[in-house]
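The structure under discussion appears below in the form of structure tokens.
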Amino acid sequence: MDTVLIFAGGDFPRDRLTDELPEADLVVAADSGYDVAVSAGLRVDVLVGDMDSIRAEEIPGHVIVERYPTDKDATDLEIALARVVAERPGRVVVVGGAGGRVDHEIAAASLISAESWSVIEEIDWVTDRGWSYVIRGRREIHGDVGALLSLIPMGGPATGVTTRGLRWNLQGAVLAHGTTHGVSNRFAAPVADIKVYAGCLLAVVPVDSA
């Protein structure tokens with residue numbers, strides 16, 4: 001399986017951002033993420049969660065529904081990620097999940113960067129505020145020249161960080177957990193090449209940041 005879209009609840013990304021979504025082999029909705037996916041005109045294949053916030057009254061018969069109790073130890077988004085990681089997709093794009101509650105937004109950023117999903121080559125996150133990209137090893141990030149790009153170490157230090165295509169490039173740098181050294185860089189070229197020897201970075205490209 002190549003690409004999976006996971007729709008979380010919360011905000012609905014702007015049309016320009018959702019227009020950039022890749023074609024998916026599988027579309028998974030986490031609870032009210034179903035409403036977000038349907039609003040975007042997409043066919044949902046799997047619906048997971050405790051269904052405490054979904055608005056849709058009827059679910060089409062083709063949708064596989066996996067219901068969980070409300071009293072559970074994981075968010076619906078974590079359940080959705082666990083559901084798809086067994087498929088070993090090459091890319092997962094999480095849509096939404098940043099609106100409404102700040103604790104949900106912080107938890108989502110931490111969740112998508114967790115080591116549990118490291119077998120997935122690419123994990124991206126798109127919200128109303130822009131795109132974020134999980135980086136382990138190496139990734140190329142596309143953006144407008146002059147647009148902001150921040151590199152945030154997640155879960156511990158990121159070592160051997162080397163970049164090309166940014167205004168302030170790094171060469172074998174160590175970004176310690178909690179540092180802001182990688183915040184508010186900018187694209188100097190349409191493609192930024194980012195390498196990490198060890199650890200995990202979250203590359204954040206805010207919307208309308210040029």
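Naming scheme: A, B, ... for chains in displayed order of the structure tokens; residues 1 onward per chain; ligands 1 onward as shown.
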Can you pull out the residues contacting Ser116 of chain A? Cut-off 12 Å, using only C-alpha atoms, and skip same-chain residues under 6 positions away; I want them as JSON, numbers by chain. {"A": [78, 81, 82, 84, 85, 86, 110, 123, 155]}
Can you write out the residues you just picked, keeping N, CA, C and O atoms, as a PDB file, in the first residue's frame?
ATOM      1  N   GLU A  78      -4.787   8.155  17.454  1.00  0.00           N
ATOM      2  CA  GLU A  78      -3.802   7.104  17.723  1.00  0.00           C
ATOM      3  C   GLU A  78      -4.332   5.745  17.290  1.00  0.00           C
ATOM      4  O   GLU A  78      -3.587   4.918  16.731  1.00  0.00           O
ATOM      5  N   LEU A  81      -3.939   5.542  13.534  1.00  0.00           N
ATOM      6  CA  LEU A  81      -2.548   5.291  13.139  1.00  0.00           C
ATOM      7  C   LEU A  81      -2.166   3.832  13.384  1.00  0.00           C
ATOM      8  O   LEU A  81      -1.501   3.199  12.550  1.00  0.00           O
ATOM      9  N   ALA A  82      -2.572   3.307  14.534  1.00  0.00           N
ATOM     10  CA  ALA A  82      -2.285   1.904  14.833  1.00  0.00           C
ATOM     11  C   ALA A  82      -2.974   0.982  13.834  1.00  0.00           C
ATOM     12  O   ALA A  82      -2.448  -0.088  13.491  1.00  0.00           O
ATOM     13  N   VAL A  84      -3.508   1.607  10.635  1.00  0.00           N
ATOM     14  CA  VAL A  84      -2.900   1.613   9.305  1.00  0.00           C
ATOM     15  C   VAL A  84      -1.435   1.198   9.315  1.00  0.00           C
ATOM     16  O   VAL A  84      -0.907   0.803   8.269  1.00  0.00           O
ATOM     17  N   VAL A  85      -0.758   1.276  10.462  1.00  0.00           N
ATOM     18  CA  VAL A  85       0.678   0.973  10.462  1.00  0.00           C
ATOM     19  C   VAL A  85       0.935  -0.477  10.075  1.00  0.00           C
ATOM     20  O   VAL A  85       1.967  -0.797   9.474  1.00  0.00           O
ATOM     21  N   ALA A  86      -0.010  -1.357  10.372  1.00  0.00           N
ATOM     22  CA  ALA A  86       0.153  -2.765  10.015  1.00  0.00           C
ATOM     23  C   ALA A  86       0.145  -2.971   8.503  1.00  0.00           C
ATOM     24  O   ALA A  86       0.675  -3.968   8.001  1.00  0.00           O
ATOM     25  N   SER A 110       2.927  15.462  18.910  1.00  0.00           N
ATOM     26  CA  SER A 110       3.760  14.462  19.567  1.00  0.00           C
ATOM     27  C   SER A 110       3.480  13.066  19.018  1.00  0.00           C
ATOM     28  O   SER A 110       4.399  12.275  18.780  1.00  0.00           O
ATOM     29  N   ILE A 123       5.379  10.622   7.024  1.00  0.00           N
ATOM     30  CA  ILE A 123       4.166  11.016   7.731  1.00  0.00           C
ATOM     31  C   ILE A 123       4.058  12.531   7.648  1.00  0.00           C
ATOM     32  O   ILE A 123       4.981  13.261   8.035  1.00  0.00           O
ATOM     33  N   GLY A 155      10.799  14.528  20.793  1.00  0.00           N
ATOM     34  CA  GLY A 155      11.056  13.336  21.604  1.00  0.00           C
ATOM     35  C   GLY A 155      12.487  13.170  22.052  1.00  0.00           C
ATOM     36  O   GLY A 155      12.826  12.162  22.679  1.00  0.00           O
TER      37      GLY A 155
END
Among chain A, which ones does DSSP place in alpha helix (DSSP H), written as JSON, numbers by chain? {"A": [15, 16, 17, 18, 33, 34, 35, 36, 37, 38, 39, 76, 77, 78, 79, 80, 81, 82, 83, 84, 85, 102, 103, 104, 105, 106, 107, 108, 109, 110, 111, 112]}
Take the residues from that selection and write them out as a short mmCIF file (atom, residue, chain, number, x, y, z; two decimals), in the first residue's frame, keeping N, CA, C and O atoms.
data_model
loop_
_atom_site.label_atom_id
_atom_site.label_comp_id
_atom_site.auth_asym_id
_atom_site.auth_seq_id
_atom_site.Cartn_x
_atom_site.Cartn_y
_atom_site.Cartn_z
N ASP A 15 -9.12 25.32 1.43
CA ASP A 15 -9.22 24.63 0.14
C ASP A 15 -7.86 24.48 -0.52
O ASP A 15 -7.56 23.45 -1.12
N ARG A 16 -7.00 25.51 -0.44
CA ARG A 16 -5.70 25.45 -1.10
C ARG A 16 -4.85 24.33 -0.53
O ARG A 16 -4.07 23.70 -1.23
N LEU A 17 -5.03 24.05 0.77
CA LEU A 17 -4.25 23.00 1.41
C LEU A 17 -4.81 21.62 1.05
O LEU A 17 -4.05 20.69 0.76
N THR A 18 -6.13 21.48 1.08
CA THR A 18 -6.71 20.18 0.75
C THR A 18 -6.54 19.86 -0.73
O THR A 18 -6.52 18.69 -1.12
N GLY A 33 -13.63 12.95 12.17
CA GLY A 33 -12.88 13.12 10.94
C GLY A 33 -13.66 12.63 9.73
O GLY A 33 -13.39 13.04 8.60
N TYR A 34 -14.64 11.77 9.99
CA TYR A 34 -15.52 11.31 8.91
C TYR A 34 -16.24 12.50 8.28
O TYR A 34 -16.35 12.60 7.06
N ASP A 35 -16.75 13.40 9.13
CA ASP A 35 -17.46 14.58 8.62
C ASP A 35 -16.53 15.45 7.78
O ASP A 35 -16.93 16.01 6.76
N VAL A 36 -15.26 15.57 8.21
CA VAL A 36 -14.28 16.37 7.48
C VAL A 36 -14.03 15.74 6.10
O VAL A 36 -14.00 16.44 5.08
N ALA A 37 -13.85 14.43 6.07
CA ALA A 37 -13.58 13.74 4.81
C ALA A 37 -14.75 13.86 3.84
O ALA A 37 -14.55 14.14 2.65
N VAL A 38 -15.95 13.66 4.34
CA VAL A 38 -17.14 13.75 3.48
C VAL A 38 -17.29 15.18 2.95
O VAL A 38 -17.63 15.39 1.78
N SER A 39 -17.02 16.17 3.80
CA SER A 39 -17.11 17.56 3.36
C SER A 39 -16.11 17.86 2.25
O SER A 39 -16.33 18.73 1.42
N ASP A 76 -8.67 8.83 19.32
CA ASP A 76 -9.14 8.22 18.08
C ASP A 76 -8.07 8.29 16.99
O ASP A 76 -7.94 7.38 16.17
N LEU A 77 -7.28 9.37 16.99
CA LEU A 77 -6.20 9.48 15.99
C LEU A 77 -5.14 8.42 16.21
O LEU A 77 -4.64 7.82 15.25
N GLU A 78 -4.79 8.16 17.45
CA GLU A 78 -3.80 7.10 17.72
C GLU A 78 -4.33 5.74 17.29
O GLU A 78 -3.59 4.92 16.73
N ILE A 79 -5.61 5.51 17.53
CA ILE A 79 -6.22 4.25 17.10
C ILE A 79 -6.15 4.12 15.57
O ILE A 79 -5.85 3.05 15.02
N ALA A 80 -6.41 5.22 14.88
CA ALA A 80 -6.35 5.21 13.42
C ALA A 80 -4.94 4.93 12.92
O ALA A 80 -4.74 4.14 11.98
N LEU A 81 -3.94 5.54 13.53
CA LEU A 81 -2.55 5.29 13.14
C LEU A 81 -2.17 3.83 13.38
O LEU A 81 -1.50 3.20 12.55
N ALA A 82 -2.57 3.31 14.53
CA ALA A 82 -2.29 1.90 14.83
C ALA A 82 -2.97 0.98 13.83
O ALA A 82 -2.45 -0.09 13.49
N ARG A 83 -4.14 1.40 13.36
CA ARG A 83 -4.89 0.60 12.40
C ARG A 83 -4.15 0.51 11.06
O ARG A 83 -4.15 -0.53 10.40
N VAL A 84 -3.51 1.61 10.63
CA VAL A 84 -2.90 1.61 9.30
C VAL A 84 -1.43 1.20 9.32
O VAL A 84 -0.91 0.80 8.27
N VAL A 85 -0.76 1.28 10.46
CA VAL A 85 0.68 0.97 10.46
C VAL A 85 0.94 -0.48 10.08
O VAL A 85 1.97 -0.80 9.47
N VAL A 102 -6.23 23.05 22.54
CA VAL A 102 -4.78 23.11 22.43
C VAL A 102 -4.14 21.80 22.86
O VAL A 102 -3.10 21.40 22.32
N ASP A 103 -4.75 21.08 23.82
CA ASP A 103 -4.15 19.81 24.25
C ASP A 103 -4.21 18.78 23.13
O ASP A 103 -3.27 18.00 22.94
N HIS A 104 -5.29 18.80 22.33
CA HIS A 104 -5.38 17.89 21.19
C HIS A 104 -4.31 18.21 20.16
O HIS A 104 -3.71 17.31 19.57
N GLU A 105 -4.07 19.49 19.94
CA GLU A 105 -3.08 19.89 18.94
C GLU A 105 -1.67 19.48 19.36
O GLU A 105 -0.91 18.93 18.54
N ILE A 106 -1.32 19.73 20.62
CA ILE A 106 0.00 19.34 21.11
C ILE A 106 0.16 17.83 21.09
O ILE A 106 1.20 17.29 20.69
N ALA A 107 -0.89 17.12 21.51
CA ALA A 107 -0.84 15.66 21.53
C ALA A 107 -0.68 15.10 20.11
O ALA A 107 0.05 14.13 19.90
N ALA A 108 -1.36 15.72 19.14
CA ALA A 108 -1.27 15.24 17.76
C ALA A 108 0.15 15.41 17.21
O ALA A 108 0.67 14.52 16.54
N ALA A 109 0.78 16.55 17.49
CA ALA A 109 2.15 16.79 17.02
C ALA A 109 3.09 15.75 17.62
O ALA A 109 3.98 15.22 16.93
N SER A 110 2.93 15.46 18.91
CA SER A 110 3.76 14.46 19.57
C SER A 110 3.48 13.07 19.02
O SER A 110 4.40 12.27 18.78
N LEU A 111 2.20 12.79 18.78
CA LEU A 111 1.79 11.46 18.33
C LEU A 111 2.37 11.11 16.97
O LEU A 111 2.94 10.03 16.78
N ILE A 112 2.24 12.00 16.00
CA ILE A 112 2.69 11.65 14.65
C ILE A 112 4.21 11.50 14.58
O ILE A 112 4.73 10.87 13.67
#
Residue among A:Val46, A:Met154, A:Met51, A:Leu166 lying closest to Val63 of chain A, counting only C-alpha atoms: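 Once distances to Val63 of chain A are computed over only C-alpha atoms, the minimum belongs to A:Val46.
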Can you pull out every residue within 9 Å of Ile194 of chain A, counting only C-alpha atoms, but drop anything in the same chain fewer than 3 positions away, and send it as a list in words?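 Here the qualifying residues turn out to be Ile135, Gly137, Arg138, Arg139, Glu140, Ile141, Val161, Thr162, Thr163, Arg164 and Gly165 of chain A.
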Restricted to C-alpha atoms, what would the selected residues look like written as a compact mmCIF listing (two decimals), in the first residue's frame?
# COMPACT_ATOMS: atom_id res chain seq x y z
CA ILE A 135 11.69 13.70 9.20
CA GLY A 137 16.80 10.15 7.78
CA ARG A 138 16.18 12.42 4.81
CA ARG A 139 13.32 14.28 3.16
CA GLU A 140 12.82 16.93 0.53
CA ILE A 141 10.26 19.58 1.40
CA VAL A 161 21.12 17.79 10.96
CA THR A 162 22.22 19.00 7.52
CA THR A 163 20.14 21.18 5.23
CA ARG A 164 20.27 22.65 1.75
CA GLY A 165 17.92 25.14 0.15
To test your reading of the structure, identify every residue in segment 106-176 of chain A that backbone DSSP assigns to strand (DSSP E), and report it as a ChimeraX atom specification. /A:122-127,130-142,148-153,158-164,173-175
Would you mind exporting the chosen residues as an mmCIF file, in the first residue's frame, restricted to N, CA and C atoms?
data_model
loop_
_atom_site.group_PDB
_atom_site.id
_atom_site.type_symbol
_atom_site.label_atom_id
_atom_site.label_comp_id
_atom_site.auth_asym_id
_atom_site.auth_seq_id
_atom_site.Cartn_x
_atom_site.Cartn_y
_atom_site.Cartn_z
ATOM 1 N N GLU A 122 7.043 8.126 5.230
ATOM 2 C CA GLU A 122 6.679 9.542 5.279
ATOM 3 C C GLU A 122 5.365 9.723 6.033
ATOM 4 N N ILE A 123 5.379 10.622 7.024
ATOM 5 C CA ILE A 123 4.166 11.016 7.731
ATOM 6 C C ILE A 123 4.058 12.531 7.648
ATOM 7 N N ASP A 124 2.932 13.005 7.131
ATOM 8 C CA ASP A 124 2.679 14.435 7.006
ATOM 9 C C ASP A 124 1.412 14.785 7.785
ATOM 10 N N TRP A 125 1.271 16.067 8.077
ATOM 11 C CA TRP A 125 0.105 16.548 8.825
ATOM 12 C C TRP A 125 -0.318 17.881 8.242
ATOM 13 N N VAL A 126 -1.562 17.981 7.785
ATOM 14 C CA VAL A 126 -2.070 19.227 7.241
ATOM 15 C C VAL A 126 -3.243 19.708 8.084
ATOM 16 N N THR A 127 -3.171 20.960 8.496
ATOM 17 C CA THR A 127 -4.240 21.582 9.265
ATOM 18 C C THR A 127 -4.560 22.928 8.613
ATOM 19 N N GLY A 130 -1.328 25.033 8.115
ATOM 20 C CA GLY A 130 -0.233 24.692 7.223
ATOM 21 C C GLY A 130 0.083 23.207 7.229
ATOM 22 N N TRP A 131 1.266 22.887 6.692
ATOM 23 C CA TRP A 131 1.729 21.504 6.594
ATOM 24 C C TRP A 131 2.887 21.261 7.556
ATOM 25 N N SER A 132 2.948 20.050 8.101
ATOM 26 C CA SER A 132 4.079 19.609 8.916
ATOM 27 C C SER A 132 4.536 18.261 8.388
ATOM 28 N N TYR A 133 5.860 18.008 8.511
ATOM 29 C CA TYR A 133 6.448 16.794 7.944
ATOM 30 C C TYR A 133 7.366 16.146 8.973
ATOM 31 N N VAL A 134 7.156 14.870 9.238
ATOM 32 C CA VAL A 134 8.035 14.121 10.137
ATOM 33 C C VAL A 134 9.276 13.713 9.349
ATOM 34 N N ILE A 135 10.443 14.003 9.906
ATOM 35 C CA ILE A 135 11.690 13.699 9.204
ATOM 36 C C ILE A 135 12.560 12.781 10.048
ATOM 37 N N ARG A 136 12.809 11.601 9.532
ATOM 38 C CA ARG A 136 13.822 10.669 10.042
ATOM 39 C C ARG A 136 14.676 10.278 8.844
ATOM 40 N N GLY A 137 15.962 10.452 8.945
ATOM 41 C CA GLY A 137 16.803 10.150 7.784
ATOM 42 C C GLY A 137 16.890 11.347 6.867
ATOM 43 N N ARG A 138 16.092 11.344 5.799
ATOM 44 C CA ARG A 138 16.183 12.424 4.812
ATOM 45 C C ARG A 138 14.837 12.659 4.151
ATOM 46 N N ARG A 139 14.517 13.931 3.921
ATOM 47 C CA ARG A 139 13.321 14.279 3.161
ATOM 48 C C ARG A 139 13.556 15.561 2.387
ATOM 49 N N GLU A 140 12.851 15.690 1.286
ATOM 50 C CA GLU A 140 12.823 16.927 0.526
ATOM 51 C C GLU A 140 11.458 17.579 0.732
ATOM 52 N N ILE A 141 11.479 18.848 1.137
ATOM 53 C CA ILE A 141 10.256 19.585 1.402
ATOM 54 C C ILE A 141 10.123 20.693 0.370
ATOM 55 N N HIS A 142 8.969 20.779 -0.275
ATOM 56 C CA HIS A 142 8.731 21.792 -1.295
ATOM 57 C C HIS A 142 8.017 22.995 -0.675
ATOM 58 N N LEU A 148 8.325 30.576 5.400
ATOM 59 C CA LEU A 148 8.895 30.069 6.645
ATOM 60 C C LEU A 148 8.960 28.551 6.658
ATOM 61 N N LEU A 149 9.981 28.026 7.302
ATOM 62 C CA LEU A 149 10.090 26.600 7.604
ATOM 63 C C LEU A 149 10.820 26.476 8.940
ATOM 64 N N SER A 150 10.183 25.817 9.896
ATOM 65 C CA SER A 150 10.793 25.607 11.216
ATOM 66 C C SER A 150 11.098 24.133 11.412
ATOM 67 N N LEU A 151 12.256 23.850 11.997
ATOM 68 C CA LEU A 151 12.670 22.481 12.298
ATOM 69 C C LEU A 151 12.654 22.304 13.816
ATOM 70 N N ILE A 152 11.777 21.424 14.286
ATOM 71 C CA ILE A 152 11.574 21.248 15.724
ATOM 72 C C ILE A 152 11.933 19.819 16.102
ATOM 73 N N PRO A 153 12.913 19.617 16.996
ATOM 74 C CA PRO A 153 13.245 18.264 17.441
ATOM 75 C C PRO A 153 12.129 17.695 18.301
ATOM 76 N N ALA A 158 17.905 15.803 17.918
ATOM 77 C CA ALA A 158 18.126 15.397 16.532
ATOM 78 C C ALA A 158 19.575 15.743 16.206
ATOM 79 N N THR A 159 20.344 14.751 15.799
ATOM 80 C CA THR A 159 21.773 14.962 15.570
ATOM 81 C C THR A 159 22.117 14.828 14.092
ATOM 82 N N GLY A 160 23.259 15.434 13.721
ATOM 83 C CA GLY A 160 23.698 15.366 12.335
ATOM 84 C C GLY A 160 22.729 16.016 11.376
ATOM 85 N N VAL A 161 22.111 17.117 11.803
ATOM 86 C CA VAL A 161 21.123 17.794 10.958
ATOM 87 C C VAL A 161 21.841 18.632 9.903
ATOM 88 N N THR A 162 21.593 18.305 8.641
ATOM 89 C CA THR A 162 22.218 19.000 7.521
ATOM 90 C C THR A 162 21.135 19.412 6.540
ATOM 91 N N THR A 163 21.171 20.678 6.124
ATOM 92 C CA THR A 163 20.135 21.181 5.230
ATOM 93 C C THR A 163 20.746 21.873 4.022
ATOM 94 N N ARG A 164 19.974 21.859 2.939
ATOM 95 C CA ARG A 164 20.274 22.651 1.747
ATOM 96 C C ARG A 164 18.983 23.298 1.286
ATOM 97 N N ALA A 173 24.499 19.658 12.461
ATOM 98 C CA ALA A 173 24.117 20.320 13.712
ATOM 99 C C ALA A 173 23.385 19.370 14.651
ATOM 100 N N VAL A 174 23.423 19.703 15.926
ATOM 101 C CA VAL A 174 22.643 19.012 16.946
ATOM 102 C C VAL A 174 21.542 19.966 17.404
ATOM 103 N N LEU A 175 20.301 19.536 17.229
ATOM 104 C CA LEU A 175 19.170 20.304 17.732
ATOM 105 C C LEU A 175 18.631 19.582 18.950
#
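Here atom CA of Ser32 of chain A stands at a distance of 13.8 Å from atom CA of Thr70 of chain A.
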Can you tell me, as a list in words, what residues are no more than 12 Å from Glu87 of chain A when counting only C-alpha atoms, ignoring any on the same chain fewer than 6 positions away? Met1, Asp2, Thr3, Val4, Asp25, Leu26, Ala80, Leu81, Trp117, Val119 and Ile120 of chain A
Let me see the file: selected residues, N, CA and C atoms, as a PDB file, in the first residue's frame.
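Wrote result.pdb, looks like this:
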ATOM      1  N   MET A   1       0.844  -1.192   0.000  1.00  0.00           N
ATOM      2  CA  MET A   1       0.000   0.000   0.000  1.00  0.00           C
ATOM      3  C   MET A   1       0.882   1.246   0.000  1.00  0.00           C
ATOM      4  N   ASP A   2       0.536   2.223  -0.823  1.00  0.00           N
ATOM      5  CA  ASP A   2       1.391   3.383  -0.994  1.00  0.00           C
ATOM      6  C   ASP A   2       0.997   4.546  -0.084  1.00  0.00           C
ATOM      7  N   THR A   3      -0.227   5.079  -0.215  1.00  0.00           N
ATOM      8  CA  THR A   3      -0.618   6.295   0.494  1.00  0.00           C
ATOM      9  C   THR A   3      -1.925   6.106   1.239  1.00  0.00           C
ATOM     10  N   VAL A   4      -1.944   6.570   2.493  1.00  0.00           N
ATOM     11  CA  VAL A   4      -3.145   6.531   3.331  1.00  0.00           C
ATOM     12  C   VAL A   4      -3.446   7.945   3.816  1.00  0.00           C
ATOM     13  N   ASP A  25      -4.732   5.313  -1.452  1.00  0.00           N
ATOM     14  CA  ASP A  25      -5.157   3.927  -1.611  1.00  0.00           C
ATOM     15  C   ASP A  25      -6.159   3.535  -0.530  1.00  0.00           C
ATOM     16  N   LEU A  26      -6.137   4.274   0.592  1.00  0.00           N
ATOM     17  CA  LEU A  26      -7.025   3.993   1.710  1.00  0.00           C
ATOM     18  C   LEU A  26      -7.323   5.306   2.425  1.00  0.00           C
ATOM     19  N   ALA A  80      -6.405   5.223  14.879  1.00  0.00           N
ATOM     20  CA  ALA A  80      -6.349   5.209  13.418  1.00  0.00           C
ATOM     21  C   ALA A  80      -4.939   4.926  12.919  1.00  0.00           C
ATOM     22  N   LEU A  81      -3.939   5.542  13.534  1.00  0.00           N
ATOM     23  CA  LEU A  81      -2.548   5.291  13.139  1.00  0.00           C
ATOM     24  C   LEU A  81      -2.166   3.832  13.384  1.00  0.00           C
ATOM     25  N   TRP A 117       5.655   4.718  14.799  1.00  0.00           N
ATOM     26  CA  TRP A 117       5.293   4.755  13.381  1.00  0.00           C
ATOM     27  C   TRP A 117       6.521   4.893  12.479  1.00  0.00           C
ATOM     28  N   VAL A 119       8.265   2.873  10.968  1.00  0.00           N
ATOM     29  CA  VAL A 119       8.300   2.003   9.787  1.00  0.00           C
ATOM     30  C   VAL A 119       7.629   2.665   8.588  1.00  0.00           C
ATOM     31  N   ILE A 120       6.852   3.721   8.835  1.00  0.00           N
ATOM     32  CA  ILE A 120       6.216   4.463   7.751  1.00  0.00           C
ATOM     33  C   ILE A 120       7.227   5.485   7.231  1.00  0.00           C
TER      34      ILE A 120
END
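Between Ala98 of chain A and the candidates A:Trp168, A:Ala203, A:Arg129, A:Glu57, the tightest atom-to-atom separation, counting only C-alpha atoms, involves A:Arg129.
Shortest separation to Ala74 of chain A among A:His62, A:Ala30, A:Val93, A:Thr180 occurs at residue A:Ala30, atoms counted being only C-alpha atoms.
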Report the distance between atom CA of Ala192 of chain A and atom CA of Glu121 of chain A in Å, rounded to one decimal place. 17.6 Å
